[in-house]
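Okay, structure first, notes after.
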Amino acid sequence: MDTKRTTFNNRLLPYLLLAPQLAITLVFFIWPAAQAVKSSFEREDPFGFSTVFVGFTHYQRLLADPNYLDSLWRTAVFAVSVTVLAMVLGLAFAAAVDRLARSAKFYTTLLVWPYAVAPVVAGVLWWFLFNTSTGLLPYFLERFGIRWDHDLNGTHAMILIIIAAAWKQISYNFLFFLAGLQSVPQSLIEAAAIDGSGPVKRFFTISLPLLSPTTFFLFIINVNYTMFDTFPIVDATTGGGPAQATTTLVYKVYQDGYVGLNLGSSSAQSVLLMLIVMLLTFVQFRFVERRVQY
Amino acid sequence: MAGIHIAEVSKVYAGGVKAVNSVSIDITDGEFIVLVGPSGCGKSTLLRMVAGLETISGGQVKIADRVVNNVEPADRDIAMVFQNYALYPHMTVYNNLAYGLKNRGTPKAEIDARVTEAARMLEITQYLDRKPRALSGGQRQRVAMGRAIVRKPAAFLFDEPLSNLDAKLRVSMRGEIKRLQRRLGTTSIYVTHDQLEAMTLADRLVVLNGGRIEQIGAPLEVYHAPASTFVASFIGSPAMNLVKGELHGDKLAIGPAMVGLNGFAPTSGTVTVGVRAEDIRIARADEEALPFRLEYAEELGAQRLIHGTVGDQQITAAVSPEIELAPDMQIAFDASRLHFFSVDTGKRLPGNLPAEAKLAPIEPVV
């Protein structure tokens, strides 16, 4: 890399320039995270008067708790479904828009809109669309003999949050895929066309392999998104129900901590969640990146 | 193997810009045609229309006696070498070469045989397992050539394939392309803006300007009898001197000087006179001469280019380095070496073909 190296004459200046960002990271990220780690080893009485060190008790209980393990499994289903759905649709839309010459800008604008919608609003929107008594979709589904009821049917509830969460993320994936597709050199596509490869084959043998860095990046971002950022969607639509069918790990952290006031266990869960995401990211970088063509 | 017939082909872009204007070229089987011209003259557009990468707005392109106007690039039986090579970066060299054959369902054994053969011919056998990014510019260029030749197409199309290489490599690759084309005998169209490349490679040159053909001819024909002032100034380095002259009977006046033409005057009145730098010499004491005021000299080693003025007109002459330079010199040329062009149209005036142009075209040496 030939990035320019800047040399500072004043030894204090570089630290001073970094200070604001470091302060923010420290106060809003490192400190709370450290607090969570600390309180995951403690038990506090409901009024906050006394705190006892309890070691790994919270972790032991969690890993033996069928509710927690269920939630872990549901989160896996949710994360995989949302990631696959959002990435496949984002790529499909990007491929479609990439073929347009004049109207590409118009469609891009439309397709990016959902990203500007607040997660809670997105959740409520889909909740309305799927509303058992007044929603549009249950009305149509009924014609196919499907009685939609996400208030009682756990699978329906899961499908609802998967759709709502994926819908919001498609825009993001779409933008990155579109930028990726547009940076594939035109001459490569032309060379492939002369080499006897049709549009579909070109997409799968030339464009898609060249998109692998984008795909890899989006995969990590999407998994992190489903693990953490989907809380408002769950909260606004199903509230984790019915019967905890949509209680993902991040929602359970909130429920146990803020609703159930079990701060110790909640902290332990958030630490575990953090470890899971770190592990996933590590695995992705370690094993998936090898197959990536930069 | 096949000829290519381009008949009155035009390209009009949305907005009415005519990139190519009614161009006709007949290319015989095995011929090496070079399209040459400045940027924006339509040479690449023309090539891309032959390849099928641009739609043809008017006229007809025939490859092997088949009209291909509405045929997909893949089905035109052509192979193209791109300026940036357009190698598939995620495939090994082997797969880059094999891709086109695989797409056409060629049996695996034959793919293997053809790739091996092409790799051997281009001396890239030891790189077959590498990705393009691990290759040097010259090696990538060879792979791009290899991708074209494994397909055994009816024609090769080259779109400025050497312009991304350094000067030295360009000269050696130029030779290789020529040798390879001779050996395979495949009809080729080669686009370049480099007149030297055009001169050295072509069986016939097509000089394009503003979407129109200025001249078609063998390199020496074009060099010795340029059809217009544009061709005269574009082909050859240094560019041909073009000065304003006045014909009075058999005498030519340039600036303050007047020289006799020994019967070579094609017309009378004002003309544009062209003379190549190497056709100018230092005048002997006893001949009619033009007063030359030296401005500066460029050393080329074997030659020395002297730049200066005759009257108010710029002249460049190529002289032997032994000749002593002086601020004021006397120059002369043979009247038979002069080219006369119309002042209005820039076209060559009839009846003054210099002796060399009557030479028979040189047979290509393999």
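By order of appearance in the structure tokens: chains A, B, ..., then residues from 1 within every chain, and ligands from 1 in the order shown.
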Let's see if you can do this: from backbone DSSP, list all strand (DSSP E) residues in segment 31-153 of chain A, as an MDAnalysis selection string.
chainID A and resid 42:44 51:53
Could you please take those selected residues and save C-alpha atoms as a JSON list (two decimals), in the first residue's frame?
```json
[["chain", "number", "residue", "atom", "x", "y", "z"],
["A", 42, "GLU", "CA", -22.70, -10.69, 40.16],
["A", 43, "ARG", "CA", -26.13, -10.97, 41.68],
["A", 44, "GLU", "CA", -27.95, -7.81, 42.67],
["A", 51, "THR", "CA", -24.29, -6.95, 45.14],
["A", 52, "VAL", "CA", -22.76, -10.40, 45.56],
["A", 53, "PHE", "CA", -20.06, -12.00, 43.45]]
```
Pick out the residues sitting within 10 Å of Trp127 of chain A, and hand them over as a list of chain:residue names; count only C-alpha atoms, and ignore anything fewer than 2 positions along from it in its own chain.
A:Val121, A:Ala122, A:Gly123, A:Val124, A:Leu125, A:Leu129, A:Phe130, A:Asn131, A:Thr132, A:Gly135, A:His150, A:Ala157, A:Leu160, A:Ile161, A:Ala164, A:Ile233, A:Ala236, A:Thr237, A:Thr238
C-alpha atoms of the current selection, written as an mmCIF file, in the first residue's frame:
```cif
data_model
loop_
_atom_site.group_PDB
_atom_site.id
_atom_site.type_symbol
_atom_site.label_atom_id
_atom_site.label_comp_id
_atom_site.auth_asym_id
_atom_site.auth_seq_id
_atom_site.Cartn_x
_atom_site.Cartn_y
_atom_site.Cartn_z
ATOM 1 C CA VAL A 121 -42.072 1.646 11.726
ATOM 2 C CA ALA A 122 -41.054 -1.183 9.410
ATOM 3 C CA GLY A 123 -42.208 -3.658 12.034
ATOM 4 C CA VAL A 124 -45.545 -1.903 12.502
ATOM 5 C CA LEU A 125 -46.020 -1.680 8.748
ATOM 6 C CA LEU A 129 -50.172 -5.883 6.469
ATOM 7 C CA PHE A 130 -50.321 -9.191 8.318
ATOM 8 C CA ASN A 131 -52.924 -8.106 10.853
ATOM 9 C CA THR A 132 -55.186 -11.049 11.495
ATOM 10 C CA GLY A 135 -54.549 -6.967 7.205
ATOM 11 C CA HIS A 150 -49.217 -14.761 14.106
ATOM 12 C CA ALA A 157 -44.919 -15.080 13.942
ATOM 13 C CA LEU A 160 -43.550 -12.239 10.006
ATOM 14 C CA ILE A 161 -40.389 -11.013 11.713
ATOM 15 C CA ALA A 164 -40.008 -7.502 8.185
ATOM 16 C CA ILE A 233 -38.804 -5.158 14.738
ATOM 17 C CA ALA A 236 -43.016 -3.740 17.557
ATOM 18 C CA THR A 237 -44.600 -6.809 15.952
ATOM 19 C CA THR A 238 -44.680 -9.916 18.089
#
```
Near chain A, 7 Å: chain B residue rows, closest pairs, only C-alpha atoms, as a tab-separated table:
```
residue	atom	partner	partner_atom	distance
B:Pro73	CA	A:Ile194	CA	5.0
B:Ala74	CA	A:Gly196	CA	4.3
B:Ala79	CA	A:Ile194	CA	6.7
B:Ala86	CA	A:Leu188	CA	4.9
B:Leu87	CA	A:Leu188	CA	6.8
B:Tyr88	CA	A:Leu188	CA	6.7
B:His90	CA	A:Gln293	CA	6.1
B:Tyr99	CA	A:Asp195	CA	7.0
B:Gly100	CA	A:Asp195	CA	4.2
B:Asn103	CA	A:Gly196	CA	5.8
B:Arg104	CA	A:Gly196	CA	6.6
```
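For Ala198 of chain B, the set of protein, DNA and RNA residues having any atom at most 10 Å away, when counting only C-alpha atoms and skipping those fewer than 6 positions along the same chain, is Ile33, Val34, Leu35, Val36, Gly37, Arg174, Tyr190, Val191, Thr192, Arg204, Leu205, Val206, Val207, Pro219 and Ile235 of chain B.
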Can you list, as a short mmCIF file (atom, residue, chain, number, x, y, z; two decimals) with N, CA and C atoms, in the first residue's frame, every protein, DNA or RNA residue that comes within 9 Å of Thr248 of chain A when you count only C-alpha atoms, leaving out same-chain residues fewer than 2 positions away?
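Written output follows (around-v9.cif):
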```cif
data_model
loop_
_atom_site.label_atom_id
_atom_site.label_comp_id
_atom_site.auth_asym_id
_atom_site.auth_seq_id
_atom_site.Cartn_x
_atom_site.Cartn_y
_atom_site.Cartn_z
N SER A 71 -34.11 -20.37 22.49
CA SER A 71 -33.92 -19.03 21.93
C SER A 71 -32.70 -19.00 21.00
N LEU A 72 -31.67 -19.73 21.40
CA LEU A 72 -30.45 -19.82 20.58
C LEU A 72 -30.78 -20.42 19.21
N TRP A 73 -31.53 -21.50 19.23
CA TRP A 73 -31.93 -22.19 18.00
C TRP A 73 -32.79 -21.28 17.13
N ARG A 74 -33.77 -20.60 17.76
CA ARG A 74 -34.65 -19.70 17.01
C ARG A 74 -33.85 -18.57 16.37
N THR A 75 -32.87 -18.07 17.14
CA THR A 75 -32.04 -16.99 16.60
C THR A 75 -31.27 -17.47 15.37
N ALA A 76 -30.80 -18.72 15.44
CA ALA A 76 -30.07 -19.27 14.29
C ALA A 76 -30.97 -19.33 13.07
N PHE A 78 -33.69 -17.62 12.51
CA PHE A 78 -34.00 -16.24 12.13
C PHE A 78 -32.82 -15.61 11.36
N MET A 227 -28.50 -10.33 14.47
CA MET A 227 -28.22 -10.65 15.87
C MET A 227 -28.57 -9.48 16.78
N PHE A 231 -33.93 -5.99 17.11
CA PHE A 231 -34.73 -5.86 18.32
C PHE A 231 -36.01 -5.04 18.11
N VAL A 234 -38.81 -6.99 16.31
CA VAL A 234 -39.46 -7.99 17.16
C VAL A 234 -40.36 -7.31 18.17
N GLY A 240 -41.89 -10.86 20.99
CA GLY A 240 -41.22 -12.09 21.41
C GLY A 240 -42.15 -13.29 21.41
N GLN A 244 -42.97 -17.20 23.37
CA GLN A 244 -41.55 -17.01 23.13
C GLN A 244 -41.07 -17.56 21.80
N ALA A 245 -42.01 -17.74 20.86
CA ALA A 245 -41.64 -18.30 19.56
C ALA A 245 -40.74 -17.35 18.78
N THR A 246 -40.78 -16.08 19.09
CA THR A 246 -39.93 -15.14 18.36
C THR A 246 -38.96 -14.41 19.30
N VAL A 250 -31.23 -11.40 21.37
CA VAL A 250 -31.14 -10.00 21.76
C VAL A 250 -32.45 -9.56 22.45
N TYR A 251 -33.58 -10.16 22.03
CA TYR A 251 -34.84 -9.81 22.67
C TYR A 251 -34.91 -10.37 24.08
N LYS A 252 -34.30 -11.54 24.26
CA LYS A 252 -34.30 -12.18 25.57
C LYS A 252 -33.43 -11.38 26.55
N VAL A 253 -32.35 -10.82 26.04
CA VAL A 253 -31.51 -9.97 26.88
C VAL A 253 -32.36 -8.84 27.46
#
```
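If you look at atom CA of Leu263 of chain A and atom CA of Phe41 of chain A, they are 10.3 Å away from each other.
Atom CA of Gln303 of chain B sits 27.4 Å away from atom CA of Met258 of chain B.
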Please return, as a ChimeraX atom specification, all residues of segment 113-289 of chain A that DSSP assigns to helix (DSSP H, G or I) on the basis of the backbone.
/A:113-116,119-129,136-143,154-182,186-194,199-210,212-229,231-237,249-259,263-289
Hey, which of A:Val120, A:Ile162, A:Ala19, A:Ala64 ends up closest to Val84 of chain A? Count only C-alpha atoms.
A:Ile162
